[in-house]
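*Asks:* What follows is target-v3.txt, made up of compact mmCIF, C-alpha atoms:
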# COMPACT_ATOMS: atom_id res chain seq x y z
CA MET A 1 48.65 55.71 109.02
CA LEU A 2 47.16 52.31 108.20
CA LEU A 3 44.54 52.17 105.42
CA THR A 4 42.38 49.07 105.14
CA GLY A 5 41.13 47.06 102.21
CA ALA A 6 37.54 47.36 100.96
CA GLY A 7 34.98 45.68 103.19
CA PHE A 8 37.21 45.60 106.27
CA ASN A 9 38.03 47.83 109.23
CA ALA A 10 41.13 48.88 111.12
CA SER A 11 41.10 45.78 113.35
CA GLY A 12 42.68 43.87 110.46
CA TRP A 13 45.95 45.67 111.22
CA TYR A 14 46.14 44.19 114.73
CA PRO A 15 49.05 41.80 113.91
CA HIS A 16 51.13 44.73 112.65
CA VAL A 17 50.54 47.60 115.09
CA ALA A 18 53.00 46.67 117.85
CA ALA A 19 55.92 46.32 115.43
CA LEU A 20 55.12 49.52 113.53
CA ALA A 21 54.55 51.55 116.72
CA ARG A 22 58.01 50.93 118.20
CA GLN A 23 59.40 54.19 116.83
CA HIS A 24 56.38 56.09 115.51
CA PRO A 25 52.73 56.79 116.45
CA VAL A 26 50.30 54.65 114.47
CA TYR A 27 46.72 55.39 113.44
CA GLY A 28 44.39 52.78 111.96
CA VAL A 29 41.65 54.31 109.81
CA ASP A 30 38.15 52.93 109.35
CA MET A 31 37.38 53.83 105.75
CA PRO A 32 33.99 55.53 105.23
CA GLY A 33 31.49 53.34 103.43
CA ASP A 34 32.79 50.06 104.81
CA PRO A 35 31.42 48.06 107.81
CA ASN A 36 32.85 50.17 110.63
CA PRO A 37 31.87 53.13 112.84
CA SER A 38 32.97 55.79 110.33
CA ILE A 39 30.15 57.92 108.95
CA TRP A 40 30.01 58.36 105.19
CA ARG A 41 28.93 62.01 104.79
CA ALA A 42 29.81 62.34 101.10
CA PRO A 43 30.81 59.88 98.34
CA LEU A 44 34.54 59.23 98.08
CA THR A 45 34.23 57.59 94.67
CA PRO A 46 35.95 60.35 92.66
CA PRO A 47 39.72 60.01 93.23
CA ALA A 48 40.00 63.75 93.93
CA SER A 49 37.30 63.52 96.62
CA CYS A 50 39.07 60.59 98.24
CA ALA A 51 42.34 62.56 98.32
CA ALA A 52 40.61 65.63 99.77
CA TRP A 53 39.05 63.54 102.55
CA LEU A 54 42.37 61.96 103.54
CA ASP A 55 44.21 65.29 103.31
CA GLU A 56 41.70 66.80 105.76
CA LEU A 57 42.12 63.84 108.10
CA LEU A 58 45.92 64.12 108.01
CA ALA A 59 45.68 67.85 108.73
CA ARG A 60 43.57 67.19 111.82
CA LEU A 61 46.12 64.70 113.13
CA GLY A 62 49.13 67.03 112.87
CA ASP A 63 51.32 69.12 110.64
CA ARG A 64 54.03 66.53 109.96
CA PRO A 65 54.08 64.42 106.77
CA ALA A 66 52.68 60.94 107.28
CA HIS A 67 53.79 57.47 106.30
CA LEU A 68 50.85 55.80 104.54
CA VAL A 69 50.55 52.00 104.64
CA GLY A 70 47.67 50.52 102.65
CA MET A 71 46.32 47.03 102.10
CA SER A 72 44.66 46.27 98.74
CA TYR A 73 42.13 49.12 98.25
CA GLY A 74 43.98 50.98 101.02
CA GLY A 75 47.09 50.70 98.87
CA TRP A 76 45.22 52.41 96.06
CA VAL A 77 44.18 55.16 98.49
CA ALA A 78 47.83 55.67 99.48
CA MET A 79 48.97 55.83 95.85
CA ASN A 80 46.09 58.16 94.94
CA GLN A 81 47.09 60.47 97.79
CA ALA A 82 50.70 60.57 96.62
CA ILE A 83 49.46 61.70 93.18
CA ARG A 84 46.78 64.22 94.10
CA ALA A 85 47.75 65.57 97.54
CA PRO A 86 51.39 64.67 98.25
CA GLY A 87 52.06 67.60 100.58
CA ARG A 88 51.32 65.58 103.73
CA VAL A 89 52.83 62.31 102.49
CA MET A 90 56.38 61.32 103.47
CA TRP A 91 56.16 57.95 101.79
CA ALA A 92 53.53 55.50 100.63
CA GLY A 93 53.55 51.76 101.19
CA SER A 94 51.20 49.27 99.64
CA ARG A 95 50.51 45.60 100.30
CA GLY A 96 49.05 44.01 97.20
CA TYR A 97 48.08 47.36 95.71
CA ARG A 98 45.14 47.01 93.35
CA MET A 99 42.05 49.15 93.00
CA GLU A 100 38.74 47.64 94.08
CA PRO A 101 35.61 47.69 91.91
CA LYS A 102 34.25 50.81 93.67
CA PHE A 103 36.55 52.85 91.38
CA PRO A 104 36.36 52.83 87.58
CA ALA A 105 39.96 52.04 86.62
CA ILE A 106 43.39 51.22 87.98
CA LEU A 107 46.03 53.94 88.16
CA THR A 108 47.45 54.70 84.74
CA ASP A 109 51.12 54.48 83.84
CA ASP A 110 51.32 58.28 83.72
CA GLU A 111 49.75 58.54 87.18
CA LEU A 112 52.29 56.09 88.59
CA ARG A 113 55.13 58.07 87.00
CA ALA A 114 53.81 61.15 88.80
CA ILE A 115 54.29 59.59 92.27
CA ASN A 116 57.48 61.19 93.51
CA VAL A 117 57.45 60.17 97.16
CA PRO A 118 59.37 57.07 98.28
CA ALA A 119 57.17 54.00 97.93
CA LEU A 120 57.45 50.40 99.07
CA LEU A 121 55.20 48.05 97.10
CA ILE A 122 54.65 44.60 98.59
CA THR A 123 52.95 41.62 96.98
CA GLY A 124 52.73 37.94 97.82
CA ALA A 125 54.70 35.37 95.89
CA ARG A 126 51.47 33.43 95.28
CA SER A 127 49.22 36.44 94.74
CA ALA A 128 46.73 36.05 91.89
CA MET A 129 45.43 39.60 92.42
CA LEU A 130 48.81 41.16 91.61
CA THR A 131 51.55 38.78 90.51
CA PRO A 132 55.20 39.52 91.32
CA ALA A 133 55.87 40.24 87.64
CA GLU A 134 52.96 42.70 87.49
CA ALA A 135 54.12 44.36 90.73
CA ARG A 136 57.64 44.82 89.40
CA GLY A 137 56.33 46.19 86.12
CA ARG A 138 54.05 48.69 87.79
CA GLY A 139 56.65 49.64 90.39
CA SER A 140 59.27 50.27 87.72
CA LEU A 141 57.19 53.21 86.53
CA MET A 142 57.50 55.00 89.87
CA PRO A 143 60.71 57.06 90.21
CA ARG A 144 61.38 56.24 93.88
CA ALA A 145 59.72 52.86 94.34
CA GLU A 146 60.94 49.53 95.64
CA VAL A 147 59.09 46.26 95.13
CA ALA A 148 59.22 43.46 97.68
CA VAL A 149 57.86 39.97 97.05
CA VAL A 150 57.09 38.12 100.29
CA PRO A 151 55.80 34.61 101.05
CA GLY A 152 52.03 34.24 100.85
CA SER A 153 49.16 35.48 98.71
CA HIS A 154 47.08 38.62 98.41
CA GLY A 155 46.07 39.61 101.95
CA ASP A 156 47.39 36.35 103.43
CA PHE A 157 51.09 36.80 104.04
CA SER A 158 52.55 33.83 105.87
CA ARG A 159 55.45 35.51 107.71
CA ILE A 160 53.95 38.48 109.52
CA ASP A 161 57.04 39.21 111.65
CA GLY A 162 59.27 39.45 108.58
CA LEU A 163 56.71 41.60 106.80
CA ASN A 164 56.45 43.95 109.79
CA ASP A 165 60.23 44.23 110.00
CA ARG A 166 60.40 45.06 106.29
CA ILE A 167 57.83 47.85 106.56
CA ALA A 168 59.29 49.24 109.79
CA ALA A 169 62.82 49.30 108.34
CA PHE A 170 61.60 51.26 105.33
CA ILE A 171 59.75 53.77 107.52
CA ASP A 172 62.79 54.23 109.77
CA ALA A 173 65.09 54.74 106.77
CA GLN A 174 62.82 57.38 105.26
CA ALA A 175 62.39 59.16 108.60
CA ALA A 176 66.15 59.20 109.19
CA GLY A 177 66.79 60.54 105.69
CA ASN A 178 64.18 63.25 106.13
CA GLN A 179 65.67 64.37 109.45
CA ALA A 180 69.10 64.57 107.90
CA GLY A 181 67.77 66.64 105.02
CA GLN A 182 68.97 64.08 102.52
CA PRO A 183 67.21 61.41 100.47
CA ALA A 184 67.05 58.21 102.51
CA ARG A 185 69.02 55.23 101.31
CA PRO A 186 66.81 52.18 100.83
CA PRO A 187 67.31 49.44 103.43
CA THR A 188 69.51 46.55 102.40
CA ALA A 189 67.69 43.46 101.23
CA THR A 190 67.51 40.49 103.55
CA ARG A 191 66.54 36.93 102.84
CA GLU A 192 66.04 35.86 106.45
CA ASP A 193 62.26 36.38 106.19
CA GLY A 194 62.02 35.09 102.63
CA THR A 195 61.74 38.59 101.17
CA VAL A 196 62.98 39.16 97.64
CA GLN A 197 63.56 42.83 96.83
CA ALA A 198 63.61 44.35 93.36
CA LYS A 199 64.87 47.94 93.29
CA THR A 200 63.54 50.06 90.46
CA ARG A 201 65.61 52.32 88.29
CA PRO A 202 66.45 55.80 89.67
CA LYS A 203 64.73 58.87 88.34
CA GLU A 204 66.57 60.57 85.52
CA ASP A 205 67.57 64.20 85.83
CA ASP A 206 65.50 66.70 83.83
Can the structure in the file be given as structure tokens, please?

*Replies:*
Amino acid sequence: MLLTGAGFNASGWYPHVAALARQHPVYGVDMPGDPNPSIWRAPLTPPASCAAWLDELLARLGDRPAHLVGMSYGGWVAMNQAIRAPGRVMWAGSRGYRMEPKFPAILTDDELRAINVPALLITGARSAMLTPAEARGRGSLMPRAEVAVVPGSHGDFSRIDGLNDRIAAFIDAQAAGNQAGQPARPPTATREDGTVQAKTRPKEDD
């Protein structure tokens, strides 16, 4: 499921859909309250309300856990879902994850530590919204997160094919691991598309 940034609609995912739909069905969501056909029937401002809305949407689409891919505010929605309603989330991916002004605060360190689904966090090497160092720092708090730094800036990644391949490989790895009943091994890093991967520390046993 593709979740857009604030002020946009699902058409912004057009350059990515064909690559991501090779092995899996893909849904692009028009977020309520933004300029799109979706009808805003109730405020989604409280994080719990936002999670309840998306959980209901996922339930209507099927009973299998979903892969969430979010851009900017959509990345926050994916992370928020992994915290508050993880039952339908197989993994969460975020491009330039940063909360927009419509919410009062960014996710806290404790909230990030509570995300226990696999996560791929992507930011641009020239991003001023979320620098590579900030992305690595935030990602290191999440037990099962990887951070990828790709060419480009926030919302303007310059190598779309490489970005699509990176996201698709992560989805395929998680799906294969889930089918085998074992934790998926993260895909090996590649430098052919300019991607630099930083793997976070594993979760410690209780």

*Asks:* Could you state the separation of atom CA of Pro151 of chain A and atom CA of Ile106 of chain A in Å, given to one decimal place?

*Replies:*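 Separation between atom CA of Pro151 of chain A and atom CA of Ile106 of chain A: 24.5 Å.
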
*Asks:* Using only C-alpha atoms, which of A:Gly137, A:Pro25, A:Pro46, A:Gly177 sits nearest Val77 of chain A?

*Replies:*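 Among the listed residues, the smallest separation from Val77 of chain A belongs to A:Pro46.
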
*Asks:* Residues near Ala52 of chain A, anyone? I mean within 8 Å using all atoms listed in the file, not counting same-chain ones fewer than 4 positions away, as a PyMOL selection string.

*Replies:* chain A and resi 48+56+85

*Asks:* Between atom CA of Ala119 of chain A and atom CA of Tyr27 of chain A, what is the spacing in Å?

*Replies:* 18.8 Å

*Asks:* Using all atoms listed in the file, can you tell me which of A:Thr45, A:Leu58, A:Trp13, A:Ala66 comes closest to Ile171 of chain A?

*Replies:*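 Distance minimum relative to Ile171 of chain A lands on A:Ala66.
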
*Asks:* By how many Å are atom CA of Val117 of chain A and atom CA of Glu134 of chain A apart?

*Replies:*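 Distance reported for this atom pair: 20.5 Å.
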
*Asks:* Could you check which of A:Ser140, A:Gln81, A:Asn164, A:Ser72 is closest to Trp53 of chain A, using only C-alpha atoms?

*Replies:* A:Gln81

*Asks:* Which one is closest to Tyr73 of chain A: A:Ser49, A:Asn9, A:Ala133, A:Asp165? Count only C-alpha atoms.

*Replies:*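 Residue with the minimum atom-to-atom distance to Tyr73 of chain A: A:Asn9.
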
*Asks:* Would you please work out which residue, of A:Ala82, A:Ala128, A:Ala135, A:Ala169, is nearest to Asn116 of chain A when using only C-alpha atoms?

*Replies:*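 Nearest to Asn116 of chain A: A:Ala82.
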
*Asks:* Could you check the closest approach to Met71 of chain A for each of A:Ala10, A:Arg84, A:Arg144, A:Pro132 and tell me which residue wins, using only C-alpha atoms?

*Replies:* A:Ala10

*Asks:* Compute the distance from (52.7, 46.8, 88.7) to each atom, counting all atoms listed in the file, keep the residues with any atom at most 10 Å away, and return them as a VMD selection string; use the coordinates of the file.

*Replies:* chain A and resid 96 to 98 107 109 112 121 123 130 to 142 147
